[in-house]
Amino acid sequence: MASQISAGAIAAIMDGSKVSKPVLQIVACKKMQASNAKKPVDRYRLLLSDSVHNCSVMLGTQLNPQVISGYFHSKAIVRVMDYTCTDIAATKKVIVILNAEVIADADSLNNELVGQPKLYQPGSASNQPVRQGAAQPKQTPPPMASPARKPGFQSNIQSPASASKGSYGGNFSRVGAGMNNNMGSPPKCQPVASLNPYQNRWTIKVRVTNKSDVRTWSNSRGEGKLFSMDLVDQSGEIRATAFKDQVDKFFDIVEKGKVYLLSKCTLKPANKQYTSIKNDYELTFNQETTLMPCEDEDSSIPDVQFDFRSVAELQDINPDTMVDVIGIVKSAADVQTVTIKSNNREVAKRELMVVDDSGKVVNLTLWGKEAETFDGSGNPVLAVKGARLSSFNGRSLSVLQSSILQINPDIPRAHTLKGWYSSEGFQQETQSISESRGSGGGGNTNWLTFQQVQEQNLGAGEKPDYFTVKATILFAKKENCMYMACPSEQCNKKVIDNSNGTYRCEKCNKEYNEFQYRLLLSCNVADMTDNQWITCFQETAEAILGTKADLLGAKREQDEVGFNQTFQNAIFSDYIFRMRIKMETYNDESRMKCTCMSVQKMNPVEYAKKLVMDIKTLAAS
C-alpha cells in the first residue's frame with residue numbers, strides 16, 4: 001500500500017497543479033484552538049505526507065465525525081477525493097480537505113511512516129514526480145527579477161484562461177467582469193473555511209441556504225433594520241448580516257438557493273447564541289461589499305450542510321444550544337393559538353413528537369405559518385437545522401425564525417429513517433426525553449392520579465409542584481368565567497366601566513374606548529381516583545371551551561343559548577392536563593390551589609402505549 005502514495009503531490013498542489021485524488025499518509029492530527037472560547041466550533045488540522053514532503057492542511061467541518069470516531073488516525077493512508085488550495089497571504093497557501101477516505105489503516109503499515117518526508121517550503125521541490133494521475137506543473141517563463149521575490153516563486157496572478165479552469169469555484173467568465181479586479185481576470189475564489197480576520201482581499205462562491213425576513217429594532221441608541229442569510233460552499237458555512245442601507249441594497253437581490261460571488265465584507269467573531277452555523281466567524285455587509293449572482297449553476301456547492309444529532313444525544317447537550325435534528329414525525333397535535341407575554345401578540349403553535357432510530361422521542365414546537373401549514377399525515381421525515389434545545393419538559397426543541405425546516409428531504413439519512421420506520425420503527429417501543437420523572441421543578445410527565453397527589457402531599461412545600469394527569473371535565477363554571485381587561489400590550493388587568501363608553505385601567509392610569517375579554521375559568525375534573533377543582537387561564541380555557549375569549553364574550557351578550565351550549569359541549573371530554581399545585585393563604589385561610597399550565601386532547605393510541613409501558617414496568621419490578 002505504501003507504493004500507492006502520490007510522491008511529490010504536495011509540491012505539485014502548492015505549485016498550482018491539479019492533482020486528481022492524491023494518496024497521502026496522515027502523520028498527525030491536531031484540534032485547532034477556537035476563536036470563540038464560550039461556544040467554540042471544533043476544527044481540526046492534519047499533517048499529511050506524500051513520502052517526500054509533509055504539510056499542514058485544514059479539514060472541512062463536515063469531516064469532524066471521522067476524526068472524533070478515530071476513522072482518521074495517525075499513520076493511516078487516505079485517498080483525498082476532493083480538496084481546495086487557496087492563497088491566504090502573499091506567500092502562503094492553505095489546503096482544505098473536503099472529502100477523503102481511508103484506504104489502509106496504521107496496522108497494515110506496522111504503524112510506520114512511509115519515506116522520510118521533510119516540511120514543504122515554497123519553491124523547494126517543484127520538480128518531484130507525481131503519481132496516481134497527478135498533473136505535472138506547467139512550464140512557465142521565469143518571472144521578472146525582483147529584490148523582494150524569492151528564487152523560484154511563482155506569481156499568484158492567473159491568466160483568464162487558467163483562472164476559469166481552477167480547481168475551486170468553476171467557470172467565472174460570465175460573472176467575474178463585474179467584480180473589482182484590476183487585472184481584468186475573473187476573481188479567484190477561496191473556501192469559506194479559510195476565511196480569517198487577517199485577510200483583506202478575498203472572494204467566496206457560495207449558495208444561499210436560508211434568508212430571513214427584514215427585522216426592525218428601536219431602542220435608546222436609535223432604530224434600524226437588518227436581515228441575515230446563511231451561506232455554504234464545499235468547505236463549510238457562514239452567516240452574513242446586512243444592516244440599514246445595506247438592507248435596501250441587497251435584500252431584493254438575494255434569493256434562497258442561488259449561487260453568488262461575495263467579497264469585501266467585514267469578518268468578526270460569531271455570536272453562537274443565535275445560530276447553529278459551524279463557523280467561528282460571521283460576515284457583515286458594508287459600503288464596499290460586492291455581491292454578484294452566478295449565471296451558471298454550480299452543482300458542486302451543496303444546498304444545506306447538516307450536522308445531525310440523534311434524539312438520544314440531546315439528553316447530554318446543554319440547554320439553549322442550537323442543534324440540527326432529523327426524525328420521523330410520530331404525531332402532530334392540532335394548532336393552538338397562544339399569546340406572547342412580552343408583546344401580547346397571538347401566534348400559532350403546533351406540538352410534534354419526533355422519533356428516530358435511537359428509540360427516543362422528543363417534543364418539537366413549530367410557530368407561526370409553519371405551525372399552520374404543517375401536514376403531519378403519513379409520518380413524514382422532518383429535518384431541522386438550527387432548532388433551539390430547551391430544558392423545558394425535560395428536553396424539548398423549538399423551531400426559530402432562523403431555523404431551516406425540510407420535509408422529506410432527499411438525503412441518505414432521511415431515506416434510512418424512512419425505511420427503518422416503515423419496517424420496524426412504527427411498532428417499536430420508544431421513550432420520550434421530553435418526560436421528566438421528578439415531582440418538582442416543572443416536569444411535564446410526572447404522571448400521578450389525584451389520590452397520589454394527596455398521598456404525596458404535593459404543593460405543601462415552599463415551591464410549587466407539577467404533575468400530569470389524564471382526567472375528564474365534569475363541570476365548567478359559567479359564572480365569572482371572564483372579565484373585561486385592559487387592551488394595551490403587556491397588561492391584562494381588569495378595567496372599570498365608566499358607564500360612558502370608556503374603560504379605565506388603574507395599572508396603566510389610562511382610559512380606553514374599548515376592552516378585551518380575558519378568561520378565568522374554573523373547572524371540576526376527575527380521574528378514576530378523585531376529583532379536583534382547577535383554574536384555567538386564557539390559552540388553556542380557550543382550548544377547553546373550543547372558542548376564543550372575544551367570541552365567547554359576544555355570545556354572552558347576544559346569544560345566551562349559544563353561550564350555554566359552549567359550556568355544555570366542553571363537559572365529559574378527556575384531556576391530558578399539566579398541573580401546578582401550591583398551598584396558598586388568603587384571609588388567613590390556607591387552601592390548595594391547582595392551576596392548569598397546559599392541556600391537550602387525549603390521543604387514545606399514545607395513551608394506550610403509555611399504559612402498556614406502565615404495565616411492563618410494574619411486571620418487571
# chains A, B, ... in the order shown; residues from 1 in each chain; ligands from 1
>>> select_by_dssp(residues="region 298-460 of chain A", states="strand (DSSP E)", output="PyMOL selection string")
chain A and resi 322-332+336-340+345-355+360-367+381-390+396-398+404-407+431-432
>>> residues_around(residues="Lys593 (chain A)", least_positions_apart="3", cutoff="12 Å", atoms="only C-alpha atoms", output="list in words")
Leu458, Gly459, Ala460, Pro464, Asp465, Tyr466, Ser522, Gln532, Trp533, Ile534, Thr535, Cys536, Met579, Arg580, Ile581, Lys582, Met583, Glu584, Thr585, Tyr586, Ser590 and Cys596 of chain A
>>> residues_around(residues="Phe285 (chain A)", least_positions_apart="6", cutoff="12 Å", atoms="only C-alpha atoms", output="list in words")
Leu226, Phe227, Ser228, Met229, Arg239, Ala240, Thr241, Ala242, Phe243, Lys244, Asp245, Gln246, Val247, Asp248, Lys249, Phe250, Phe251, Leu262, Ser263, Lys264, Cys265, Thr266, Leu267, Lys268 and Leu291 of chain A
>>> write_last_selection(atoms="N, CA and C atoms", output="compact mmCIF listing (two decimals), in the first residue's frame")
# COMPACT_ATOMS: atom_id res chain seq x y z
N LEU A 226 -32.53 45.03 9.67
CA LEU A 226 -31.50 44.08 9.27
C LEU A 226 -32.13 42.85 8.65
N PHE A 227 -31.33 42.09 7.92
CA PHE A 227 -31.70 40.74 7.51
C PHE A 227 -30.42 39.93 7.43
N SER A 228 -30.55 38.63 7.57
CA SER A 228 -29.38 37.76 7.55
C SER A 228 -29.60 36.63 6.56
N MET A 229 -28.50 35.98 6.19
CA MET A 229 -28.56 34.85 5.27
C MET A 229 -27.49 33.84 5.67
N ARG A 239 -22.54 32.72 8.29
CA ARG A 239 -23.71 33.61 8.26
C ARG A 239 -23.28 35.02 7.90
N ALA A 240 -24.11 35.70 7.12
CA ALA A 240 -23.86 37.09 6.73
C ALA A 240 -25.08 37.92 7.10
N THR A 241 -24.84 39.15 7.56
CA THR A 241 -25.93 40.04 8.00
C THR A 241 -25.76 41.41 7.37
N ALA A 242 -26.87 41.98 6.92
CA ALA A 242 -26.87 43.32 6.34
C ALA A 242 -27.71 44.24 7.23
N PHE A 243 -27.24 45.46 7.45
CA PHE A 243 -27.92 46.43 8.30
C PHE A 243 -28.29 47.68 7.50
N LYS A 244 -29.38 48.29 7.90
CA LYS A 244 -29.80 49.61 7.44
C LYS A 244 -29.73 49.77 5.93
N ASP A 245 -28.82 50.65 5.43
CA ASP A 245 -28.78 50.93 3.99
C ASP A 245 -28.46 49.68 3.17
N GLN A 246 -27.68 48.78 3.74
CA GLN A 246 -27.33 47.56 3.01
C GLN A 246 -28.54 46.65 2.82
N VAL A 247 -29.54 46.78 3.70
CA VAL A 247 -30.78 46.01 3.54
C VAL A 247 -31.48 46.44 2.25
N ASP A 248 -31.59 47.74 2.04
CA ASP A 248 -32.24 48.25 0.81
C ASP A 248 -31.45 47.84 -0.43
N LYS A 249 -30.14 47.74 -0.30
CA LYS A 249 -29.28 47.47 -1.45
C LYS A 249 -29.31 46.00 -1.86
N PHE A 250 -29.36 45.09 -0.87
CA PHE A 250 -29.15 43.68 -1.18
C PHE A 250 -30.36 42.77 -0.98
N PHE A 251 -31.36 43.20 -0.22
CA PHE A 251 -32.44 42.26 0.14
C PHE A 251 -33.15 41.70 -1.08
N LEU A 262 -19.21 36.66 -3.53
CA LEU A 262 -19.28 37.65 -2.45
C LEU A 262 -17.88 38.07 -2.05
N SER A 263 -17.66 39.36 -1.87
CA SER A 263 -16.35 39.86 -1.44
C SER A 263 -16.52 41.13 -0.64
N LYS A 264 -15.44 41.50 0.07
CA LYS A 264 -15.34 42.77 0.81
C LYS A 264 -16.42 42.95 1.87
N CYS A 265 -16.59 41.94 2.70
CA CYS A 265 -17.43 42.05 3.90
C CYS A 265 -16.54 42.18 5.12
N THR A 266 -17.12 42.62 6.22
CA THR A 266 -16.41 42.67 7.49
C THR A 266 -16.54 41.32 8.18
N LEU A 267 -15.41 40.76 8.62
CA LEU A 267 -15.38 39.46 9.28
C LEU A 267 -15.18 39.68 10.78
N LYS A 268 -16.07 39.09 11.58
CA LYS A 268 -15.97 39.26 13.04
C LYS A 268 -16.36 37.96 13.73
N LEU A 291 -21.68 41.83 -4.28
CA LEU A 291 -22.42 40.58 -4.38
C LEU A 291 -22.88 40.41 -5.83
>>> closest_residue(among="A:Ala312, A:Asp213, A:Glu606, A:Phe537", to="Cys594 (chain A)", atoms="only C-alpha atoms")
A:Phe537
>>> atom_distance(atom1="CA of Thr203 (chain A)", atom2="CA of Leu231 (chain A)")
13.0 Å
>>> residues_around(residues="region 396-407 of chain A", least_positions_apart="5", cutoff="8 Å", atoms="only C-alpha atoms", output="list in words")
Asn210, Ser212, Thr275, Val362, Asn363, Leu364, Thr365, Leu366, Trp367, Pro380, Val381, Leu382, Ala383, Val384, Lys385, Gly386, Ala387, Arg388, Leu389, Ser390, Ser391, Ile433 and Ser434 of chain A
>>> closest_residue(among="A:Arg350, A:Met602, A:Met482, A:Val67", to="Leu551 (chain A)", atoms="only C-alpha atoms")
A:Met482
>>> closest_residue(among="A:Lys75, A:Arg45, A:Lys92, A:Lys555", to="Asp107 (chain A)", atoms="only C-alpha atoms")
A:Lys75
>>> residues_around(residues="Thr86 (chain A)", least_positions_apart="2", cutoff="8 Å", atoms="only C-alpha atoms", output="list in words")
Thr84, Ile88, Lys93, Val94, Ile95, Cys189, Gln190 and Pro191 of chain A
>>> write_last_selection(atoms="all heavy atoms", output="compact mmCIF listing (two decimals), in the first residue's frame")
# COMPACT_ATOMS: atom_id res chain seq x y z
N THR A 84 -9.42 21.83 -1.82
CA THR A 84 -9.17 23.14 -2.41
C THR A 84 -7.83 23.65 -1.91
O THR A 84 -7.39 23.31 -0.82
CB THR A 84 -10.26 24.18 -2.05
OG1 THR A 84 -10.21 24.43 -0.64
CG2 THR A 84 -11.64 23.69 -2.43
N ILE A 88 -3.85 32.61 1.15
CA ILE A 88 -4.35 33.38 2.29
C ILE A 88 -3.41 34.52 2.64
O ILE A 88 -3.70 35.32 3.50
CB ILE A 88 -4.57 32.48 3.52
CG1 ILE A 88 -3.25 31.84 3.96
CG2 ILE A 88 -5.62 31.44 3.26
CD1 ILE A 88 -3.37 31.08 5.27
N LYS A 93 -0.16 29.53 1.27
CA LYS A 93 -1.34 28.86 0.77
C LYS A 93 -1.85 27.89 1.81
O LYS A 93 -1.12 27.46 2.71
CB LYS A 93 -1.03 28.12 -0.52
CG LYS A 93 -0.66 29.01 -1.71
CD LYS A 93 -0.48 28.18 -2.97
CE LYS A 93 -0.16 29.07 -4.16
NZ LYS A 93 -0.06 28.29 -5.42
N VAL A 94 -3.11 27.53 1.69
CA VAL A 94 -3.70 26.56 2.61
C VAL A 94 -4.49 25.55 1.79
O VAL A 94 -5.18 25.90 0.82
CB VAL A 94 -4.60 27.22 3.66
CG1 VAL A 94 -5.80 27.91 3.02
CG2 VAL A 94 -5.08 26.21 4.69
N ILE A 95 -4.37 24.28 2.16
CA ILE A 95 -5.16 23.21 1.55
C ILE A 95 -6.29 22.85 2.51
O ILE A 95 -6.05 22.65 3.71
CB ILE A 95 -4.30 21.97 1.28
CG1 ILE A 95 -3.18 22.30 0.28
CG2 ILE A 95 -5.15 20.82 0.73
CD1 ILE A 95 -2.20 21.16 0.05
N CYS A 189 -11.50 32.40 -6.29
CA CYS A 189 -12.27 32.18 -5.07
C CYS A 189 -11.51 31.30 -4.10
O CYS A 189 -10.68 30.47 -4.49
CB CYS A 189 -13.62 31.53 -5.40
SG CYS A 189 -14.69 32.62 -6.35
N GLN A 190 -11.80 31.48 -2.84
CA GLN A 190 -11.23 30.65 -1.80
C GLN A 190 -12.35 30.06 -0.97
O GLN A 190 -13.47 30.58 -0.96
CB GLN A 190 -10.27 31.45 -0.94
CG GLN A 190 -10.93 32.54 -0.09
CD GLN A 190 -9.88 33.31 0.68
OE1 GLN A 190 -9.12 34.09 0.14
NE2 GLN A 190 -9.84 33.07 1.99
N PRO A 191 -12.08 28.97 -0.25
CA PRO A 191 -13.15 28.33 0.53
C PRO A 191 -13.55 29.15 1.75
O PRO A 191 -12.74 29.87 2.33
CB PRO A 191 -12.51 26.99 0.92
CG PRO A 191 -11.05 27.22 0.87
CD PRO A 191 -10.83 28.20 -0.24
>>> select_by_dssp(residues="region 237-425 of chain A", states="alpha helix (DSSP H)", output="list of chain:residue names")
A:Asp245, A:Gln246, A:Val247, A:Asp248, A:Lys249, A:Phe250, A:Gly368, A:Lys369, A:Glu370, A:Ala371, A:Glu372, A:Thr373, A:Pro412, A:Arg413, A:Ala414, A:His415, A:Thr416, A:Leu417, A:Lys418, A:Gly419, A:Trp420, A:Tyr421, A:Ser422, A:Ser423
>>> closest_residue(among="A:Lys369, A:Lys601, A:Arg221, A:Lys507", to="Ala332 (chain A)", atoms="only C-alpha atoms")
A:Lys601
>>> atom_distance(atom1="CA of Cys508 (chain A)", atom2="CA of Leu521 (chain A)")
24.8 Å
>>> residues_around(residues="region 567-573 of chain A", least_positions_apart="6", cutoff="9 Å", atoms="only C-alpha atoms", output="list in words")
Ala471, Thr472, Ile473, Leu474, Phe475, Ala476, Lys477, Lys478, Ile544, Leu545, Gly546, Lys601 and Met602 of chain A
>>> write_last_selection(atoms="N, CA, C and O atoms", output="mmCIF file, in the first residue's frame")
data_model
loop_
_atom_site.group_PDB
_atom_site.id
_atom_site.type_symbol
_atom_site.label_atom_id
_atom_site.label_comp_id
_atom_site.auth_asym_id
_atom_site.auth_seq_id
_atom_site.Cartn_x
_atom_site.Cartn_y
_atom_site.Cartn_z
ATOM 1 N N ALA A 471 -57.575 13.278 32.810
ATOM 2 C CA ALA A 471 -58.821 13.494 33.562
ATOM 3 C C ALA A 471 -59.938 13.914 32.622
ATOM 4 O O ALA A 471 -59.704 14.303 31.470
ATOM 5 N N THR A 472 -61.144 13.831 33.163
ATOM 6 C CA THR A 472 -62.360 14.174 32.420
ATOM 7 C C THR A 472 -63.001 15.405 33.040
ATOM 8 O O THR A 472 -63.084 15.520 34.273
ATOM 9 N N ILE A 473 -63.444 16.326 32.196
ATOM 10 C CA ILE A 473 -64.108 17.534 32.690
ATOM 11 C C ILE A 473 -65.545 17.186 33.081
ATOM 12 O O ILE A 473 -66.329 16.729 32.243
ATOM 13 N N LEU A 474 -65.878 17.410 34.357
ATOM 14 C CA LEU A 474 -67.233 17.154 34.846
ATOM 15 C C LEU A 474 -68.103 18.397 34.818
ATOM 16 O O LEU A 474 -69.312 18.314 34.579
ATOM 17 N N PHE A 475 -67.471 19.548 35.060
ATOM 18 C CA PHE A 475 -68.258 20.773 35.145
ATOM 19 C C PHE A 475 -67.358 21.959 34.841
ATOM 20 O O PHE A 475 -66.210 22.009 35.276
ATOM 21 N N ALA A 476 -67.872 22.911 34.055
ATOM 22 C CA ALA A 476 -67.182 24.165 33.760
ATOM 23 C C ALA A 476 -68.079 25.313 34.222
ATOM 24 O O ALA A 476 -69.223 25.429 33.761
ATOM 25 N N LYS A 477 -67.581 26.106 35.105
ATOM 26 C CA LYS A 477 -68.379 27.148 35.748
ATOM 27 C C LYS A 477 -68.542 28.364 34.830
ATOM 28 O O LYS A 477 -67.556 28.968 34.390
ATOM 29 N N LYS A 478 -69.802 28.714 34.535
ATOM 30 C CA LYS A 478 -70.068 29.848 33.642
ATOM 31 C C LYS A 478 -69.959 31.186 34.352
ATOM 32 O O LYS A 478 -69.543 32.183 33.751
ATOM 33 N N ILE A 544 -60.078 24.355 26.134
ATOM 34 C CA ILE A 544 -61.136 23.513 26.714
ATOM 35 C C ILE A 544 -62.503 23.877 26.141
ATOM 36 O O ILE A 544 -63.306 23.005 25.790
ATOM 37 N N LEU A 545 -62.765 25.170 26.017
ATOM 38 C CA LEU A 545 -64.077 25.608 25.536
ATOM 39 C C LEU A 545 -64.177 25.588 24.012
ATOM 40 O O LEU A 545 -65.286 25.657 23.460
ATOM 41 N N GLY A 546 -63.055 25.519 23.344
ATOM 42 C CA GLY A 546 -63.076 25.441 21.892
ATOM 43 C C GLY A 546 -63.465 26.725 21.206
ATOM 44 O O GLY A 546 -63.986 26.695 20.079
ATOM 45 N N LYS A 601 -55.844 17.495 24.046
ATOM 46 C CA LYS A 601 -56.825 16.433 23.825
ATOM 47 C C LYS A 601 -56.138 15.076 23.940
ATOM 48 O O LYS A 601 -55.029 14.892 23.456
ATOM 49 N N MET A 602 -56.770 14.144 24.619
ATOM 50 C CA MET A 602 -56.159 12.844 24.801
ATOM 51 C C MET A 602 -56.088 12.097 23.474
ATOM 52 O O MET A 602 -57.077 11.973 22.759
#
>>> closest_residue(among="A:Val453, A:Gln431, A:Tyr575, A:Ala543", to="Lys470 (chain A)", atoms="only C-alpha atoms")
A:Tyr575
